[in-house]
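Structure first, then comments.
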Amino acid sequence: MTLSLTNPKFRARLWQGLLVVVLLVCLWLLVANLQKNLAARGVELGFGFLSGPAGFDIAERLIAYSAESSYWMAYAVGILNTLRVAILGVLIATGLGLFVAIGALSINPLVAWLCRTYVEVLRNVPLLLQLFFWYLSLAALLPENDAPLTLLPGVFLSKGGLSFPWWVDGLWEVPELGPFGMVGGAAISPEFLALLGGLSIYTSAFIAEVIRAGILSVPKGQSEAAKALGFSGWQQLRLIILPQAMRVIVPPMTNQYLNLTKNSSLAVAIGYPELVSVATTTLNQTGHAVEAISLLMLVYLTLSLLTSWLMARFERASRLKERT
Amino acid sequence: MFKKTLVGLAAAAALSVAAGPAMAGKTLDSVKQKGVLSCGVNAGLGGFGIADSAGKWTGFDVDFCRAVAAAALGDANKVRYVPLNAAQRFTALQSGEIDLLSRNTTWTMSRDSQLGLSFGATTFYDGQGFLVPTKLKLKSAKQLKGATVCVQSGTTTEKNLADYFRSQKMSYKPVVYEDLKALIAAYAEGRCQVFTSDASQLAAIRANDMKNPADHVILPEIISKEPLGPAVRRGDEDWAKLVSWVHFAMLEAEEFGVTSKNVDKMKSDANPGIQRLLGQGNNDFGKAVGVDAAWAARVIQQVGNYGEVFERNVGKNTPLKLNRGQNALWTQGGLQYAPPIR
Amino acid sequence: MNPPRAAGPTLAQSLFRGRLNTALTLLVGGLLLWFLIQFVPWAIGHAVWSADLQACREARGQGACWGVVSEKWRLILFGRYPFEELWRPVVACLLMVAAVLAIARREWWKPWVFVSALFAIVFSVLLMLGGFAGLSEVPTERLGGLSLTLLLAIIGNIASLPLAVALALGRSSDLPLVRAVCTTFVEVVRGVPLVTVLFMASFMFPLFLPSGMNPDVLLRVGVGLTLFSAAYQAEVIRGGINSVPRGQIEAAQSLGMGYWLTQTKVVLPQAFRVVVPPLVNSFIALFKDTSLVTIVSLFELFGSLRLALADPEWRPFYVEGFLFVALVYWVFCSAMSRYARGLERDFASARR
């Protein structure tokens with residue numbers, strides 16, 4: 001290879017070599033500063049602190065956890081809580097979004113107008129505002145702890161959340177009224193309800209737009225042919241239009257699912273103990289900011305990659321088998 | 001274009017690493033050079049650190065900031081107040097955003113050793129307590145089995161709560177928020193039946209943030225030791241000493257009876273202790289910590305002695321109505337004891 | 001002459017065609033009517049408009065207390081900005097909005113308009129911060145409310161554009177290393193929530209800088225927002241670059257144009273039309289995302305509302321406060337959204 005600037009291959013190698021050098025220098029500088037600053041503060045880098053006892057309790061948890069469990073366990077509880085809200089949120093938002101999208105395309109102008117307004121309003125107001133509004137309203141409207149509302153035998157609604165019978169330590173317990181509210185059984189906290197409701201409804205507005213764009217992308221001839229063949233409206237939608245719309249729907253839908261998962265991090269503001277909340281408490285108590293935040297980012301990256309991969313498989317499975 | 005930006009950034013970073021002086025030992029110099037003391041305070045806790053709508057800050061911790069500014073810069077008003085929540089306070093201090101953290105922070109061993117901070121004097125001896133609505137007719141914290149407790153995240157309060165309930169073998173449900181105001185609102189709405197925090201904070205919340213203070217009562221049990229005091233960055237001993245000795249000077253002033261009103265008269269008092277405190281005659285104890293001889297006199301004149309600061313912010317004539325209790329001078333049965341200035 | 005169009009169904013016909021339809025109309029119409037009958041008297045008829053706490057308490061349940069807004073408007077709109085200097089954020093905000101509206105007019109898409117708009121925006125920021133020409137310096141923690149939201153959103157969007165273009169070009173580059181670096185950056189930033197980026201900016205940033213450099217919280221958060229939004233905009237711009245037919249690049253190459261010349265003269269101008277509507281959407285997203293900076297204690301519009309509602313006297317009237325702030329956001333965002341849709345329509349029709 002002629003070592004001349006007029007040789008494009010040489011130029012390419014030169015630029016890339018320079019980029020590598022510059023990046024390495026920057027990285028070295030940042031790490032050097034980091035070590036100097038940490039040494040000045042007497043804080044050491046390392047993930048060893050994670051095996052120490054956490055010292056704080058987490059109210060809502062899907063696995064056994066106490067204040068004596070390690071920070072790893074606290075992180076695990078946080079991740080499970082995030083997954084809980086993400087998976088349920090995705091299901092509810094998709095269902096609601098589908099419903100609203102169909103409504104927006106209805107021939108009834110009133111229903112169409114209502115669905116379009118729903119989408120317009122929810123998309124243009126920040127999620128944090130909506131979450132807080134939900135949470136404050138729920139807190140104000142739920143019945144007092146000493147006078148819960150009985151929805152079904154054994155299922156009660158109060159400021160402590162939705163209490164229902166469940167197995168506790170192997171025994172089937174039914175919630176009863178104690179001096180401070182419902183005891184026994186299991187409960188879904190108002191924070192979780194507010195987060196799930198707010199997230200699902202917000203994301204459903206975006207999903208409705210995605211589904212509506214997808215349905216509109218299917219050529220009108222398809223539905224006309226279906227009608228000529230005697231398919232009912234509902235059958236048209238289910239058998240002809242939606243399968244073809246999937247192609248257009250799946251990529252932006254993946255995006256919305258990812259957004260919902262990432263938006264669950266806002267729960268830190270309304271007191272639901274998901275991953276970000278656990279991470280910030282850990283950060284505060286131990287001072288290991290770099291490790292705590294890196295772990296946090298790693299978990300979210302993994303979740304994002306996982307969701308993208310799952311949706312890619314789904315898309316491949318639902319792809320139209322074109323005539324070869 | 002992208003690569004050029006990178007090269008430019010790298011050059012700037014390199015230059016700044018080479019040129020930037022090590023700030024670790026020289027906080028006082030940087031404060032004097034800036035001409036203002038950056039003080040981290042509570043964003044809105046009545047009696048300790050709160051700003052009114054015109055932006056004027058008042059409070060027990062705020063007055064301590066002013067005292068340090070009076071000692072170091074000569075003017076108690078040369079303070080830049082940085083409101084911080086519980087999550088940000090330590091990183092703001094570590095990073096150099098603030099020079100002094102005066103924000104009802106508890107002195108614990110892990111904070112003293114692991115977080116790169118340094119504690120000195122304890123300006124307020126406190127303990128953790130429980131605030132409950134009067135209508136629940138509770139007499140003791142031991143009756144709180146199964147209660148829902150509101151607690152702020154990332155504080156010693158959270159850990160003490162877990163320890164206490166575990167040692168009492170009682171179960172409870174924590175409701176954890178980062179934001180104090182949201183937490184107070186949750187308690188006011190009835191989301192939780194108990195609010196736990198330092199007893200002085202509970203008094204402040206009961207007086208200022210509840211619709212009717214009489215509807216709430218602080219339970220008698222104090223479940224932990226909470227020595228609250230200012231914190232500085234580790235590594236700058238001169239600055240840490242100055243901060244601690246400002247507090248001790250305020251205590252000595254109260255012991256000797258020197259108040260903000262009679263400082264000038266006291267300057268001609270014969271008591272050698274007062275002479276040393278106010279820097280009269282040949283006495284210059286300020287030099288060793290980087291300030292001039294009249295440092296303590298300025299503190300007392302512009303801010304007041306410990307008793308004055310206490311009574312003005314959290315005393316019997318304020319909505320908090322706190323007794324001196326553990327914060328009384330050692331001569332009156334309390335814990336506030338200053339090493340002599342000599 | 002065009003043939004006459006067949007008359008479509010009238011409104012009444014669409015509403016009542018068929019049993020299901022009629023039932024739906026009656027149900028939805030009935031619900032809407034019921035809601036309006038409850039809402040309008042509450043919001044307007046019996047509402048209390050002045051900052052009268054006593055009147056608000058008496059009207060509780062029957063009338064809205066817009067007094068919350070009349071009492072706290074200064075905090076909500078301008079944060080804790082010093083009262084005597086309030087004209088500065090007012091002028092700055094009006095100037096910034098005027099600059100954005102000027103850029104929005106398609107007839108005015110000329111270089112000198114862009115440059116003067118940029119100058120106007122920078123001037124507004126400096127005006128709010130002060131410290132020159134006899135203006136008192138206002139510490140950044142006094143900035144707040146709607147003025148802070150506008151500042152963060154506008155500066156964040158404008159600053160992220162050059163970086164986004166660079167990242168998009170880098171990702172489409174033939175040089176494998178450049179592509180790898182840009183892809184990693186974009187994918188990592190897009191895979192994490194904005195909250196973590198803000199935490200990074202707030203907690204970790206200072207650790208990587210030499211001790212002695214203490215950038216202001218506002219600057220750190222601004223940089224975090226810029227980097228975050230640059231990654232998303234880079235994807236949009238990359239989509240635009242990909243939409244330019246490869247033949248254009250080949251033609252430019254056959255004419256002897258180098259890489260940079262091709263990009264600036266051939267590819268980017270053609271990508272522009274495709275890119276602008278989704279870019280406006282990402283502007284809207286950043287505008288809404290500024291509400292998250294409350295988590296790192298900067299009190300923009302939503303944060304100021306919560307600060308205002310921390311006052312125990314006015315706390316019960318949070319619904320009115322929330323509705324007002326939601327309305328402000330909605331006005332800004334739906335205006336931008338309508339603009340984007342208009343652009344999309346015009347560009348699509350122009351292309352045919």
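Please note that chains go A, B, ... in the order of the structure tokens, that every chain numbers its residues from 1, and that ligands are numbered from 1 in the order shown.
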**Prompt:** Do you know which residues are at most 8 Å from range 167-175 of chain A counting only C-alpha atoms, after dropping those on the same chain fewer than 6 positions away, and could you put them as an MDAnalysis selection string?
**Reply:** chainID A and resid 154:156 182:186
**Message:** Distance limit 6 Å, atoms considered: only C-alpha atoms. Which chain A residues sit that close to chain C? Return them as a PyMOL selection string.
**Reply:** chain A and resi 30+33-34+108+124-126+262+297+300-301+304
Write a file of the just-selected residues containing C-alpha atoms, as a PDB file, in the first residue's frame.
```pdb
ATOM      1  CA  LEU A  30     -11.283  10.311  32.290  1.00  0.00           C
ATOM      2  CA  ASN A  33      -9.423  11.899  36.852  1.00  0.00           C
ATOM      3  CA  LEU A  34     -11.857   9.387  38.270  1.00  0.00           C
ATOM      4  CA  ASN A 108     -69.345   6.785  13.911  1.00  0.00           C
ATOM      5  CA  ASN A 124     -49.059  15.986  24.503  1.00  0.00           C
ATOM      6  CA  VAL A 125     -48.910  15.995  28.284  1.00  0.00           C
ATOM      7  CA  PRO A 126     -45.724  14.731  29.993  1.00  0.00           C
ATOM      8  CA  LYS A 262     -37.724   2.770  30.288  1.00  0.00           C
ATOM      9  CA  MET A 297     -27.536   1.153  32.975  1.00  0.00           C
ATOM     10  CA  TYR A 300     -31.698  -1.495  31.298  1.00  0.00           C
ATOM     11  CA  LEU A 301     -29.504  -2.170  28.278  1.00  0.00           C
ATOM     12  CA  SER A 304     -33.809  -3.325  25.894  1.00  0.00           C
TER      13      SER A 304
END
```
**Request:** Report as a ChimeraX atom specification: the residues of range 37-165 of chain A with a DSSP assignment of helix (DSSP H, G or I), based on the backbone of this structure.
**Result:** /A:37-41,48-51,71-104,109-123,127-141
Considering only C-alpha atoms, give me a table of residues in chain B that are at most 6 Å from chain A, with the closest atom pair and distance in Å for each, as a tab-separated table.
```
residue	atom	partner	partner_atom	distance
B:Ala10	CA	A:Cys26	CA	5.6
B:Ala87	CA	A:Asn284	CA	5.9
B:Gln114	CA	A:Val43	CA	5.9
B:Leu115	CA	A:Gly287	CA	5.4
B:Gly116	CA	A:Arg41	CA	3.8
B:Ala147	CA	A:Phe180	CA	5.3
B:Gly154	CA	A:Thr281	CA	4.7
B:Glu158	CA	A:Phe56	CA	5.9
B:Lys159	CA	A:Phe56	CA	5.2
B:Lys173	CA	A:Ala59	CA	5.6
B:Pro174	CA	A:Ala59	CA	5.5
B:Val176	CA	A:Gly271	CA	5.6
B:Tyr177	CA	A:Gly271	CA	4.8
B:Arg191	CA	A:Lys159	CA	5.4
```
**Request:** For range 296-311 of chain B, please output as a ChimeraX atom specification all residues within 7 Å (counting only C-alpha atoms; exclusion window: fewer than 3 positions along the same chain).
**Result:** /B:60,63,66-67,70-71,74,76,249-251,253-254,259-260,263,277-278,314-316
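A straight line drawn from CA of Cys182 in chain C to CA of Leu167 in chain C is 5.7 Å long.
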